[in-house]
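Below is the file start-v9.txt, which contains compact mmCIF, C-alpha atoms (C1' of nucleotides).
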# COMPACT_ATOMS: atom_id res chain seq x y z
CA MET H 1 146.72 72.08 9.31
CA LEU H 2 143.17 73.39 9.24
CA ARG H 3 142.58 70.52 11.56
CA ILE H 4 139.81 69.10 13.72
CA SER H 5 140.86 68.24 17.28
CA LYS H 6 141.85 64.74 18.31
CA LEU H 7 138.74 64.44 20.43
CA THR H 8 136.61 65.22 17.41
CA ASP H 9 138.49 62.61 15.46
CA TYR H 10 137.86 60.10 18.25
CA SER H 11 134.19 61.00 18.21
CA THR H 12 133.87 59.94 14.57
CA VAL H 13 135.64 56.68 15.30
CA ILE H 14 133.41 55.98 18.30
CA LEU H 15 130.21 56.90 16.49
CA GLY H 16 131.39 54.88 13.53
CA GLU H 17 131.81 51.88 15.78
CA MET H 18 128.28 52.31 17.10
CA ALA H 19 126.92 52.64 13.58
CA ARG H 20 128.80 49.61 12.28
CA SER H 21 127.79 47.25 15.04
CA THR H 22 124.44 45.55 15.23
CA ALA H 23 124.20 46.20 18.96
CA LEU H 24 121.92 48.94 20.21
CA THR H 25 123.50 49.98 23.50
CA PHE H 26 127.22 50.36 24.24
CA THR H 27 129.04 50.95 27.51
CA THR H 28 132.07 53.19 27.49
CA ALA H 29 134.16 50.14 28.43
CA GLU H 30 132.99 48.22 25.36
CA LEU H 31 133.67 51.14 23.06
CA ALA H 32 137.08 51.70 24.62
CA ALA H 33 137.92 48.06 23.90
CA SER H 34 136.66 48.07 20.32
CA THR H 35 138.24 51.39 19.34
CA GLY H 36 141.45 51.25 21.34
CA ILE H 37 140.75 54.65 22.90
CA ALA H 38 141.22 55.04 26.66
CA GLN H 39 137.99 54.57 28.56
CA PRO H 40 137.95 57.97 30.33
CA THR H 41 138.44 59.62 26.96
CA VAL H 42 135.59 57.66 25.41
CA SER H 43 133.47 58.77 28.33
CA LYS H 44 134.39 62.40 27.83
CA VAL H 45 133.58 62.28 24.13
CA LEU H 46 130.20 60.64 24.63
CA LYS H 47 129.24 63.10 27.34
CA LEU H 48 129.88 65.92 24.88
CA LEU H 49 127.94 64.19 22.13
CA GLY H 50 125.10 63.63 24.57
CA LYS H 51 124.81 67.35 25.28
CA SER H 52 124.07 67.91 21.61
CA SER H 53 121.68 64.96 21.59
CA LEU H 54 123.64 62.95 19.06
CA VAL H 55 123.65 60.04 21.50
CA LEU H 56 121.29 59.00 24.28
CA SER H 57 122.65 58.02 27.67
CA ILE H 58 121.07 55.34 29.80
CA ARG H 59 122.20 55.08 33.40
CA GLY H 60 122.28 52.17 35.72
CA THR H 61 122.90 48.48 35.21
CA ASN H 62 122.65 47.52 31.54
CA GLY H 63 122.95 51.18 30.72
CA GLY H 64 125.25 52.78 28.18
CA TYR H 65 124.98 54.95 25.11
CA GLN H 66 122.86 54.68 21.99
CA LEU H 67 122.84 56.63 18.76
CA ALA H 68 120.01 59.13 19.00
CA SER H 69 119.30 58.99 15.27
CA LYS H 70 119.94 56.75 12.32
CA PRO H 71 123.49 57.01 10.94
CA GLU H 72 122.01 58.51 7.76
CA GLN H 73 120.66 61.41 9.77
CA ILE H 74 123.84 62.37 11.60
CA SER H 75 126.06 64.66 9.52
CA VAL H 76 129.78 65.20 9.95
CA ALA H 77 128.99 68.88 10.41
CA GLN H 78 126.78 68.01 13.38
CA ILE H 79 129.51 65.89 14.94
CA ILE H 80 132.13 68.60 14.57
CA SER H 81 129.77 71.23 15.95
CA ALA H 82 128.91 69.04 18.93
CA MET H 83 132.57 68.58 19.78
CA GLU H 84 134.03 71.98 18.93
CA GLY H 85 131.17 74.43 18.72
CA PRO H 86 130.00 76.25 15.60
CA ILE H 87 132.12 75.69 12.50
CA GLY H 88 134.06 78.81 11.58
CA ILE H 89 137.49 78.87 10.03
CA THR H 90 138.11 82.41 11.28
CA GLU H 91 137.04 84.18 14.45
CA CYS H 92 134.95 86.52 12.31
CA CYS H 93 132.82 83.58 11.20
CA THR H 94 131.62 82.62 14.68
CA THR H 95 131.75 85.69 16.93
CA SER H 96 129.38 88.54 16.29
CA GLU H 97 131.55 91.14 17.98
CA THR H 98 133.72 93.25 15.71
CA CYS H 99 137.42 92.54 16.03
CA ASN H 100 140.16 95.09 16.63
CA HIS H 101 141.18 95.08 13.02
CA ALA H 102 137.71 95.51 11.54
CA SER H 103 138.36 99.05 10.37
CA HIS H 104 141.43 97.93 8.42
CA CYS H 105 140.10 94.62 7.25
CA HIS H 106 138.84 94.30 3.71
CA ILE H 107 138.58 90.53 3.81
CA SER H 108 136.21 89.61 6.61
CA GLY H 109 133.04 89.07 4.60
CA HIS H 110 134.78 86.71 2.24
CA TRP H 111 135.59 84.14 4.88
CA GLY H 112 131.89 83.74 5.56
CA VAL H 113 131.36 82.63 2.00
CA ILE H 114 134.28 80.21 2.09
CA ASN H 115 133.14 78.91 5.44
CA ARG H 116 129.63 78.22 4.16
CA ALA H 117 131.03 76.29 1.23
CA ILE H 118 133.02 74.05 3.59
CA GLU H 119 130.13 73.68 6.02
CA THR H 120 127.84 72.61 3.20
CA THR H 121 130.32 69.94 2.21
CA LEU H 122 130.40 68.62 5.77
CA GLN H 123 126.63 68.67 6.07
CA THR H 124 126.16 66.41 3.11
CA ILE H 125 128.38 63.67 4.52
CA THR H 126 126.76 61.50 7.18
CA LEU H 127 127.84 58.92 9.69
CA ALA H 128 126.40 56.28 7.38
CA ASP H 129 128.83 57.42 4.69
CA LEU H 130 131.75 57.17 7.12
CA VAL H 131 131.10 53.49 7.69
CA SER H 132 130.46 52.69 4.04
CA PRO H 133 133.27 51.75 1.65
CA VAL H 134 135.43 54.73 0.69
CA SER H 135 134.60 54.43 -2.98
CA ALA H 136 130.93 55.06 -2.24
CA LEU H 137 131.80 58.24 -0.40
CA VAL H 138 133.80 59.55 -3.32
CA GLU H 139 130.81 59.10 -5.61
CA MET H 140 128.56 60.78 -3.14
CA THR H 141 130.85 63.71 -2.43
CA VAL H 142 130.92 64.55 -6.08
CA SER H 143 127.28 64.34 -6.96
CA VAL H 144 125.69 65.69 -3.81
CA ASP H 145 128.16 68.46 -3.33
CA SER H 146 127.66 69.99 -6.69
CA SER H 147 124.02 70.57 -5.93
CA ALA H 148 124.75 71.61 -2.35
CA MET H 149 127.00 74.39 -3.56
CA VAL H 150 124.22 75.76 -5.66
CA GLN H 151 121.93 75.80 -2.68
CA SER H 152 124.41 77.90 -0.73
CA ASN H 153 123.83 80.66 -3.23
CA ARG H 154 120.58 81.65 -1.56
CA MET V 1 136.15 75.70 15.37
CA LEU V 2 137.84 73.97 12.46
CA ARG V 3 139.85 77.12 12.36
CA ILE V 4 142.83 78.60 10.58
CA SER V 5 145.38 80.27 12.87
CA LYS V 6 145.42 84.01 13.49
CA LEU V 7 148.70 84.30 11.62
CA THR V 8 147.08 82.72 8.58
CA ASP V 9 144.20 85.11 8.89
CA TYR V 10 146.66 88.01 9.06
CA SER V 11 148.40 86.70 5.99
CA THR V 12 145.23 87.00 3.93
CA VAL V 13 144.68 90.54 5.17
CA ILE V 14 148.26 91.52 4.37
CA LEU V 15 148.24 89.89 0.94
CA GLY V 16 144.85 91.44 0.33
CA GLU V 17 146.28 94.84 1.08
CA MET V 18 149.11 94.24 -1.37
CA ALA V 19 146.66 93.10 -4.03
CA ARG V 20 144.32 96.02 -3.51
CA SER V 21 146.93 98.73 -3.66
CA THR V 22 148.43 100.04 -6.88
CA ALA V 23 151.90 100.10 -5.33
CA LEU V 24 154.38 97.39 -6.29
CA THR V 25 156.68 97.17 -3.27
CA PHE V 26 155.68 97.39 0.38
CA THR V 27 157.80 97.65 3.52
CA THR V 28 156.66 95.83 6.62
CA ALA V 29 156.18 99.23 8.28
CA GLU V 30 153.78 100.37 5.55
CA LEU V 31 151.78 97.18 5.71
CA ALA V 32 151.67 97.35 9.51
CA ALA V 33 150.21 100.85 9.23
CA SER V 34 147.65 100.01 6.60
CA THR V 35 146.45 96.78 8.17
CA GLY V 36 146.70 97.67 11.87
CA ILE V 37 148.79 94.57 12.55
CA ALA V 38 151.95 94.96 14.67
CA GLN V 39 155.06 95.39 12.58
CA PRO V 40 157.02 92.39 13.96
CA THR V 41 154.03 90.20 13.25
CA VAL V 42 153.73 91.49 9.69
CA SER V 43 157.40 90.71 9.31
CA LYS V 44 156.96 87.17 10.60
CA VAL V 45 154.06 86.51 8.26
CA LEU V 46 155.85 87.80 5.17
CA LYS V 47 158.97 85.80 5.99
CA LEU V 48 156.84 82.66 6.02
CA LEU V 49 155.10 83.59 2.79
CA GLY V 50 158.49 84.25 1.23
CA LYS V 51 159.67 80.74 2.01
CA SER V 52 156.84 79.41 -0.12
CA SER V 53 157.57 81.98 -2.81
CA LEU V 54 154.21 83.70 -2.56
CA VAL V 55 156.03 87.00 -2.07
CA LEU V 56 159.42 88.26 -3.16
CA SER V 57 161.68 90.03 -0.71
CA ILE V 58 163.96 92.88 -1.68
CA ARG V 59 166.58 93.94 0.80
CA GLY V 60 168.26 97.25 1.32
CA THR V 61 167.07 100.81 0.90
CA ASN V 62 163.83 101.02 -1.07
CA GLY V 63 163.41 97.34 -0.43
CA GLY V 64 160.32 95.56 0.80
CA TYR V 65 157.99 92.81 -0.33
CA GLN V 66 156.17 92.23 -3.60
CA LEU V 67 153.56 89.72 -4.64
CA ALA V 68 155.36 86.97 -6.54
CA SER V 69 152.38 86.30 -8.80
CA LYS V 70 149.22 88.00 -9.94
CA PRO V 71 146.42 87.89 -7.35
CA GLU V 72 144.45 85.68 -9.74
CA GLN V 73 147.19 83.07 -9.52
CA ILE V 74 147.47 82.85 -5.72
CA SER V 75 144.88 80.50 -4.22
CA VAL V 76 143.63 80.50 -0.65
CA ALA V 77 144.82 76.91 -0.43
CA GLN V 78 148.36 78.05 -1.28
CA ILE V 79 148.23 80.75 1.39
CA ILE V 80 147.03 78.35 4.08
CA SER V 81 149.65 75.76 3.09
CA ALA V 82 152.39 78.36 3.22
CA MET V 83 151.43 79.42 6.72
CA GLU V 84 150.41 76.12 8.28
CA GLY V 85 151.81 73.35 6.15
CA PRO V 86 149.81 70.85 4.13
CA ILE V 87 146.05 71.05 4.56
CA GLY V 88 144.74 68.05 6.48
CA ILE V 89 141.80 68.11 8.84
CA THR V 90 143.06 64.99 10.60
CA GLU V 91 146.53 63.73 11.37
CA CYS V 92 145.88 60.80 9.05
CA CYS V 93 145.53 63.19 6.12
CA THR V 94 149.03 64.65 6.39
CA THR V 95 151.31 62.12 8.06
CA SER V 96 152.17 58.95 6.26
CA GLU V 97 153.01 57.00 9.39
CA THR V 98 150.27 54.78 10.74
CA CYS V 99 148.77 55.98 13.99
CA ASN V 100 148.35 53.92 17.16
CA HIS V 101 144.69 53.34 16.49
CA ALA V 102 145.04 52.27 12.87
CA SER V 103 144.15 48.66 13.59
CA HIS V 104 140.88 49.71 15.24
CA CYS V 105 140.06 52.58 12.92
CA HIS V 106 137.47 52.06 10.23
CA ILE V 107 137.23 55.71 9.33
CA SER V 108 140.67 56.88 8.27
CA GLY V 109 140.27 56.64 4.52
CA HIS V 110 137.10 58.68 4.60
CA TRP V 111 138.77 61.78 5.95
CA GLY V 112 141.00 61.86 2.91
CA VAL V 113 137.97 62.18 0.68
CA ILE V 114 136.43 64.90 2.84
CA ASN V 115 139.74 66.67 3.01
CA ARG V 116 140.13 66.68 -0.74
CA ALA V 117 136.69 68.17 -1.16
CA ILE V 118 137.58 71.03 1.17
CA GLU V 119 140.98 71.52 -0.41
CA THR V 120 139.43 71.76 -3.83
CA THR V 121 137.12 74.47 -2.60
CA LEU V 122 140.05 76.44 -1.25
CA GLN V 123 142.05 75.98 -4.43
CA THR V 124 139.38 77.58 -6.56
CA ILE V 125 139.29 80.77 -4.52
CA THR V 126 142.12 83.21 -5.23
CA LEU V 127 143.55 86.33 -3.67
CA ALA V 128 141.85 88.29 -6.44
CA ASP V 129 138.51 86.96 -5.23
CA LEU V 130 139.29 88.00 -1.67
CA VAL V 131 139.66 91.63 -2.68
CA SER V 132 136.64 91.64 -4.97
CA PRO V 133 133.13 92.44 -3.70
CA VAL V 134 131.67 89.61 -1.63
CA SER V 135 128.75 89.14 -4.00
CA ALA V 136 131.13 88.24 -6.79
CA LEU V 137 132.75 85.57 -4.62
CA VAL V 138 129.41 84.00 -3.85
CA GLU V 139 128.68 83.65 -7.55
CA MET V 140 132.09 82.20 -8.15
CA THR V 141 132.01 79.77 -5.26
CA VAL V 142 128.82 78.30 -6.59
CA SER V 143 129.68 77.92 -10.24
CA VAL V 144 133.33 76.99 -10.04
CA ASP V 145 132.92 74.70 -7.09
CA SER V 146 130.33 72.54 -8.72
CA SER V 147 132.73 71.69 -11.47
CA ALA V 148 135.65 71.38 -9.09
CA MET V 149 133.83 68.71 -7.13
CA VAL V 150 133.36 66.68 -10.25
CA GLN V 151 137.05 66.92 -11.03
CA SER V 152 137.92 65.45 -7.64
CA ASN V 153 136.24 62.28 -8.78
CA ARG V 154 139.22 61.32 -10.90
C1' DT P 1 183.56 104.00 1.73
C1' DC P 2 180.02 104.07 5.04
C1' DA P 3 175.75 105.00 7.07
C1' DA P 4 170.94 104.14 6.65
C1' DT P 5 167.40 101.04 5.32
C1' DA P 6 165.03 96.81 5.45
C1' DC P 7 164.74 91.87 5.27
C1' DA P 8 166.75 87.02 7.36
C1' DG P 9 167.19 83.96 10.89
C1' DG P 10 166.87 82.31 15.25
C1' DA P 11 165.73 82.40 20.03
C1' DC P 12 162.74 83.30 23.55
C1' DT P 13 158.59 84.24 26.48
C1' DA P 14 153.85 84.24 27.55
C1' DA P 15 149.40 82.84 26.86
C1' DA P 16 145.95 79.79 25.32
C1' DA P 17 144.10 75.52 23.77
C1' DT P 18 144.10 70.62 24.02
C1' DA P 19 144.41 66.16 25.95
C1' DG P 20 143.98 63.16 29.31
C1' DT P 21 142.94 61.75 34.10
C1' DA P 22 140.75 61.55 38.54
C1' DC P 23 137.25 62.08 41.85
C1' DT P 24 132.73 62.56 43.69
C1' DG P 25 127.82 62.29 42.79
C1' DT P 26 123.42 60.22 41.03
C1' DA P 27 120.20 57.20 38.51
C1' DT P 28 118.84 52.47 37.50
C1' DT P 29 118.55 47.69 37.95
C1' DG P 30 117.63 43.31 40.04
C1' DC N 1 120.85 47.84 48.91
C1' DA N 2 124.74 46.70 46.32
C1' DA N 3 126.51 46.81 41.78
C1' DT N 4 126.63 49.14 37.47
C1' DA N 5 127.37 52.95 34.58
C1' DC N 6 126.77 57.69 33.34
C1' DA N 7 127.13 63.05 35.11
C1' DG N 8 129.67 66.78 36.44
C1' DT N 9 133.57 69.09 37.84
C1' DA N 10 138.20 69.97 38.57
C1' DC N 11 142.86 69.50 37.74
C1' DT N 12 147.38 68.84 35.51
C1' DA N 13 150.52 68.37 31.83
C1' DT N 14 151.55 69.03 27.26
C1' DT N 15 151.47 71.24 23.00
C1' DT N 16 150.47 74.88 20.06
C1' DT N 17 150.11 79.56 19.02
C1' DA N 18 151.20 84.31 19.30
C1' DG N 19 154.06 87.84 19.69
C1' DT N 20 158.53 90.07 20.50
C1' DC N 21 163.41 90.86 20.33
C1' DC N 22 168.09 90.62 18.91
C1' DT N 23 171.83 89.94 15.84
C1' DG N 24 173.22 89.41 11.09
C1' DT N 25 173.37 90.54 6.09
C1' DA N 26 172.22 92.65 1.59
C1' DT N 27 171.37 96.93 -0.89
C1' DT N 28 171.34 101.64 -1.82
C1' DG N 29 173.05 106.12 -2.39
C1' DA N 30 175.46 110.16 -0.61

Rewrite the coordinates I just gave you, this time as structure tokens.
Amino acid sequence: MLRISKLTDYSTVILGEMARSTALTFTTAELAASTGIAQPTVSKVLKLLGKSSLVLSIRGTNGGYQLASKPEQISVAQIISAMEGPIGITECCTTSETCNHASHCHISGHWGVINRAIETTLQTITLADLVSPVSALVEMTVSVDSSAMVQSNR
Amino acid sequence: MLRISKLTDYSTVILGEMARSTALTFTTAELAASTGIAQPTVSKVLKLLGKSSLVLSIRGTNGGYQLASKPEQISVAQIISAMEGPIGITECCTTSETCNHASHCHISGHWGVINRAIETTLQTITLADLVSPVSALVEMTVSVDSSAMVQSNR
DNA sequence: TCAATACAGGACTAAAATAGTACTGTATTG
DNA sequence: CAATACAGTACTATTTTAGTCCTGTATTGA
């Protein structure tokens, strides 16, 4: 568990397809065909991604969707946030309101630290990495993450 | 999002309470009182934790639950796995069977790498860290995690 | 022995989140 | 102005999660 939703998973596949291809603009029908995801679902995902400006939508004939930025500039953290809202592995991490158990809870602050460590990991991985060979990602995860962790100390 | 379940959250609070206190054995009623979590829920959580041998159960009068190991030896990753099953942020990460989209999916392998990075982070944080001051955890997250990332390169 | 304590196991209900679909509206093109 | 393709909303079904309850069993100690 500790899982992203299926829609979020789809979103990485769809964005990956857009990043891999040489084309600039994609209709939902094209993406449905190339990813094997049902067209209405593709549409739903891209609408959500559009709200967070990860993709641009172009209406009318010859319209479709485009990546709003270069694959190198779209992080996995951004994609997850666009689909599911702010990353927070506990309720405490995302909501500001104190929960019912706050007076008994001696743990709450710690999750924030853990959450930041995970978020940092996800921020360093980009869409470009998702479409590169896996071996390259392993290298990158190691080297970049070590420094990223240190940054989170601020 | 990217969230652990409430029950998992409870489990860290309950285990934290057991680690913080000087007592050895705790009844579900005591833990319900000290954490503010309903007694049947406390019971459910501890039963699950018992199955993974994170706590020992002692039946009968003067019975209750005990931590099965020292707080330093119980990782957050172990706690999450006990409550929710294997850590995997996508279905691909946990199930061996190929999914319907496998033939179209150019992403799947990458999630494994990301997942391992997150898992490593969670493995380095222990129950002892959860009950220590937050500032200490921040220090630890930074220093230990940098080296942990490098290990995942193997 | 037997009553009290306390966990074990399973079943069950209710609520919430998720997934997927459908329908109506609007912008753009040619 | 007709065809294309996204926008927005609503809806339904399914699954997951949360929480509770009940019956059973092991242990203790009077």

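Only residues having an atom at most 12 Å from (138.3, 56.6, 33.3) are included; using only C-alpha atoms (C1' of nucleotides), these are Thr28, Ala29, Ala32, Ile37, Ala38, Gln39, Pro40, Thr41, Val42, Ser43, Lys44 and Val45 of chain H; DG20, DT21, DA22 and DC23 of chain P; DA5 and DC6 of chain N.
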
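Using only C-alpha atoms (C1' of nucleotides) for every distance, the candidate list V:Gly88, V:His104, V:Lys47, V:Ile74 yields V:Lys47 as the residue closest to DG9 (chain P).
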
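You will find CA of Thr61 (chain H) at 28.4 Å from CA of Cys105 (chain V).
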
Using all atoms listed in the file, which residues of chain V come within 7 Å of chain P, and what is the closest atom pair for each, with the distance in Å to one decimal? Give it as JSON lines, sorted by chain and residue number.
{"residue": "V:Ser57", "atom": "CA", "partner": "P:DC7", "partner_atom": "C1'", "distance": 7.0}
{"residue": "V:Arg59", "atom": "CA", "partner": "P:DC7", "partner_atom": "C1'", "distance": 5.3}
{"residue": "V:Gly60", "atom": "CA", "partner": "P:DA6", "partner_atom": "C1'", "distance": 5.3}
{"residue": "V:Thr61", "atom": "CA", "partner": "P:DT5", "partner_atom": "C1'", "distance": 4.4}
{"residue": "V:Gly63", "atom": "CA", "partner": "P:DA6", "partner_atom": "C1'", "distance": 6.1}
{"residue": "V:Gly64", "atom": "CA", "partner": "P:DA6", "partner_atom": "C1'", "distance": 6.7}

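Of note, CA of Ala68 (chain H) and CA of Ser53 (chain H) are spaced 6.6 Å apart.
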
At most 6 Å to chain V: residues in chain N, all atoms listed in the file, as a VMD selection string: chain N and resid 26 to 28

For the selection you just gave me, I'd like the residues written to a file as a tab-separated table (two decimals), in the coordinates of the input, keeping C-alpha atoms (C1' of nucleotides).
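Done, and the output landed in result07.tsv:
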chain	number	residue	atom	x	y	z
N	26	DA	C1'	172.22	92.65	1.59
N	27	DT	C1'	171.37	96.93	-0.89
N	28	DT	C1'	171.34	101.64	-1.82

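Distance-wise, CA of Gly109 (chain V) and CA of Val131 (chain H) end up 10.2 Å apart.
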
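Distances from V:Glu30, V:Glu84, V:Glu72, V:Glu119 to chain H were compared using only C-alpha atoms, and the smallest one belongs to V:Glu84.
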
Surrounding residues of Met18 (chain H) excluding itself and chain neighbours under 4 positions, 12 Å, all atoms listed in the file, as a PDB file with C-alpha atoms, keeping the file's coordinate frame:
ATOM      1  CA  SER H  11     134.190  61.000  18.210  1.00  0.00           C
ATOM      2  CA  THR H  12     133.870  59.940  14.570  1.00  0.00           C
ATOM      3  CA  VAL H  13     135.640  56.680  15.300  1.00  0.00           C
ATOM      4  CA  ILE H  14     133.410  55.980  18.300  1.00  0.00           C
ATOM      5  CA  THR H  22     124.440  45.550  15.230  1.00  0.00           C
ATOM      6  CA  ALA H  23     124.200  46.200  18.960  1.00  0.00           C
ATOM      7  CA  LEU H  24     121.920  48.940  20.210  1.00  0.00           C
ATOM      8  CA  THR H  25     123.500  49.980  23.500  1.00  0.00           C
ATOM      9  CA  PHE H  26     127.220  50.360  24.240  1.00  0.00           C
ATOM     10  CA  THR H  27     129.040  50.950  27.510  1.00  0.00           C
ATOM     11  CA  THR H  28     132.070  53.190  27.490  1.00  0.00           C
ATOM     12  CA  GLU H  30     132.990  48.220  25.360  1.00  0.00           C
ATOM     13  CA  LEU H  31     133.670  51.140  23.060  1.00  0.00           C
ATOM     14  CA  ALA H  32     137.080  51.700  24.620  1.00  0.00           C
ATOM     15  CA  SER H  34     136.660  48.070  20.320  1.00  0.00           C
ATOM     16  CA  THR H  35     138.240  51.390  19.340  1.00  0.00           C
ATOM     17  CA  LEU H  46     130.200  60.640  24.630  1.00  0.00           C
ATOM     18  CA  LEU H  54     123.640  62.950  19.060  1.00  0.00           C
ATOM     19  CA  VAL H  55     123.650  60.040  21.500  1.00  0.00           C
ATOM     20  CA  GLY H  64     125.250  52.780  28.180  1.00  0.00           C
ATOM     21  CA  TYR H  65     124.980  54.950  25.110  1.00  0.00           C
ATOM     22  CA  GLN H  66     122.860  54.680  21.990  1.00  0.00           C
ATOM     23  CA  LEU H  67     122.840  56.630  18.760  1.00  0.00           C
ATOM     24  CA  ALA H  68     120.010  59.130  19.000  1.00  0.00           C
ATOM     25  CA  SER H  69     119.300  58.990  15.270  1.00  0.00           C
ATOM     26  CA  LYS H  70     119.940  56.750  12.320  1.00  0.00           C
ATOM     27  CA  PRO H  71     123.490  57.010  10.940  1.00  0.00           C
ATOM     28  CA  LEU H 127     127.840  58.920   9.690  1.00  0.00           C
ATOM     29  CA  ALA H 128     126.400  56.280   7.380  1.00  0.00           C
ATOM     30  CA  LEU H 130     131.750  57.170   7.120  1.00  0.00           C
ATOM     31  CA  VAL H 131     131.100  53.490   7.690  1.00  0.00           C
TER      32      VAL H 131
ATOM     33  CA  HIS V 106     137.470  52.060  10.230  1.00  0.00           C
TER      34      HIS V 106
END

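Distance check against Pro86 (chain H) using only C-alpha atoms: of H:Leu15, H:Asn115, H:Thr126, H:Thr121, the minimum falls on H:Asn115.
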
As a CSV table (one decimal), in the coordinates of the input, the rebuilt region 38-58 of chain H with N, CA and C atoms:
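Generated output (selection_6.csv):
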chain,number,residue,atom,x,y,z
H,38,ALA,N,141.3,55.2,25.2
H,38,ALA,CA,141.2,55.0,26.7
H,38,ALA,C,139.8,55.3,27.1
H,39,GLN,N,139.4,54.5,28.1
H,39,GLN,CA,138.0,54.6,28.6
H,39,GLN,C,137.6,56.0,29.1
H,40,PRO,N,138.4,56.6,29.9
H,40,PRO,CA,138.0,58.0,30.3
H,40,PRO,C,137.8,58.9,29.2
H,41,THR,N,138.6,58.8,28.1
H,41,THR,CA,138.4,59.6,27.0
H,41,THR,C,137.2,59.3,26.2
H,42,VAL,N,136.9,58.0,26.0
H,42,VAL,CA,135.6,57.7,25.4
H,42,VAL,C,134.4,58.3,26.2
H,43,SER,N,134.5,58.2,27.5
H,43,SER,CA,133.5,58.8,28.3
H,43,SER,C,133.3,60.3,28.1
H,44,LYS,N,134.4,60.9,28.0
H,44,LYS,CA,134.4,62.4,27.8
H,44,LYS,C,133.7,62.8,26.5
H,45,VAL,N,134.1,62.0,25.5
H,45,VAL,CA,133.6,62.3,24.1
H,45,VAL,C,132.1,62.1,24.1
H,46,LEU,N,131.6,61.0,24.7
H,46,LEU,CA,130.2,60.6,24.6
H,46,LEU,C,129.4,61.6,25.5
H,47,LYS,N,129.9,62.1,26.5
H,47,LYS,CA,129.2,63.1,27.3
H,47,LYS,C,129.0,64.4,26.5
H,48,LEU,N,130.0,64.8,25.7
H,48,LEU,CA,129.9,65.9,24.9
H,48,LEU,C,128.8,65.7,23.8
H,49,LEU,N,128.9,64.5,23.2
H,49,LEU,CA,127.9,64.2,22.1
H,49,LEU,C,126.5,64.1,22.7
H,50,GLY,N,126.4,63.7,23.9
H,50,GLY,CA,125.1,63.6,24.6
H,50,GLY,C,124.5,65.0,24.8
H,51,LYS,N,125.3,66.0,25.1
H,51,LYS,CA,124.8,67.4,25.3
H,51,LYS,C,124.2,67.9,24.0
H,52,SER,N,124.7,67.5,22.9
H,52,SER,CA,124.1,67.9,21.6
H,52,SER,C,123.1,66.9,21.1
H,53,SER,N,122.7,65.9,21.9
H,53,SER,CA,121.7,65.0,21.6
H,53,SER,C,122.0,64.1,20.4
H,54,LEU,N,123.3,63.9,20.1
H,54,LEU,CA,123.6,63.0,19.1
H,54,LEU,C,123.6,61.5,19.6
H,55,VAL,N,123.8,61.4,20.9
H,55,VAL,CA,123.6,60.0,21.5
H,55,VAL,C,122.7,60.2,22.7
H,56,LEU,N,122.1,59.1,23.1
H,56,LEU,CA,121.3,59.0,24.3
H,56,LEU,C,122.1,58.3,25.3
H,57,SER,N,122.0,58.7,26.6
H,57,SER,CA,122.6,58.0,27.7
H,57,SER,C,121.6,57.3,28.5
H,58,ILE,N,122.0,56.1,28.9
H,58,ILE,CA,121.1,55.3,29.8
H,58,ILE,C,121.9,54.9,31.0
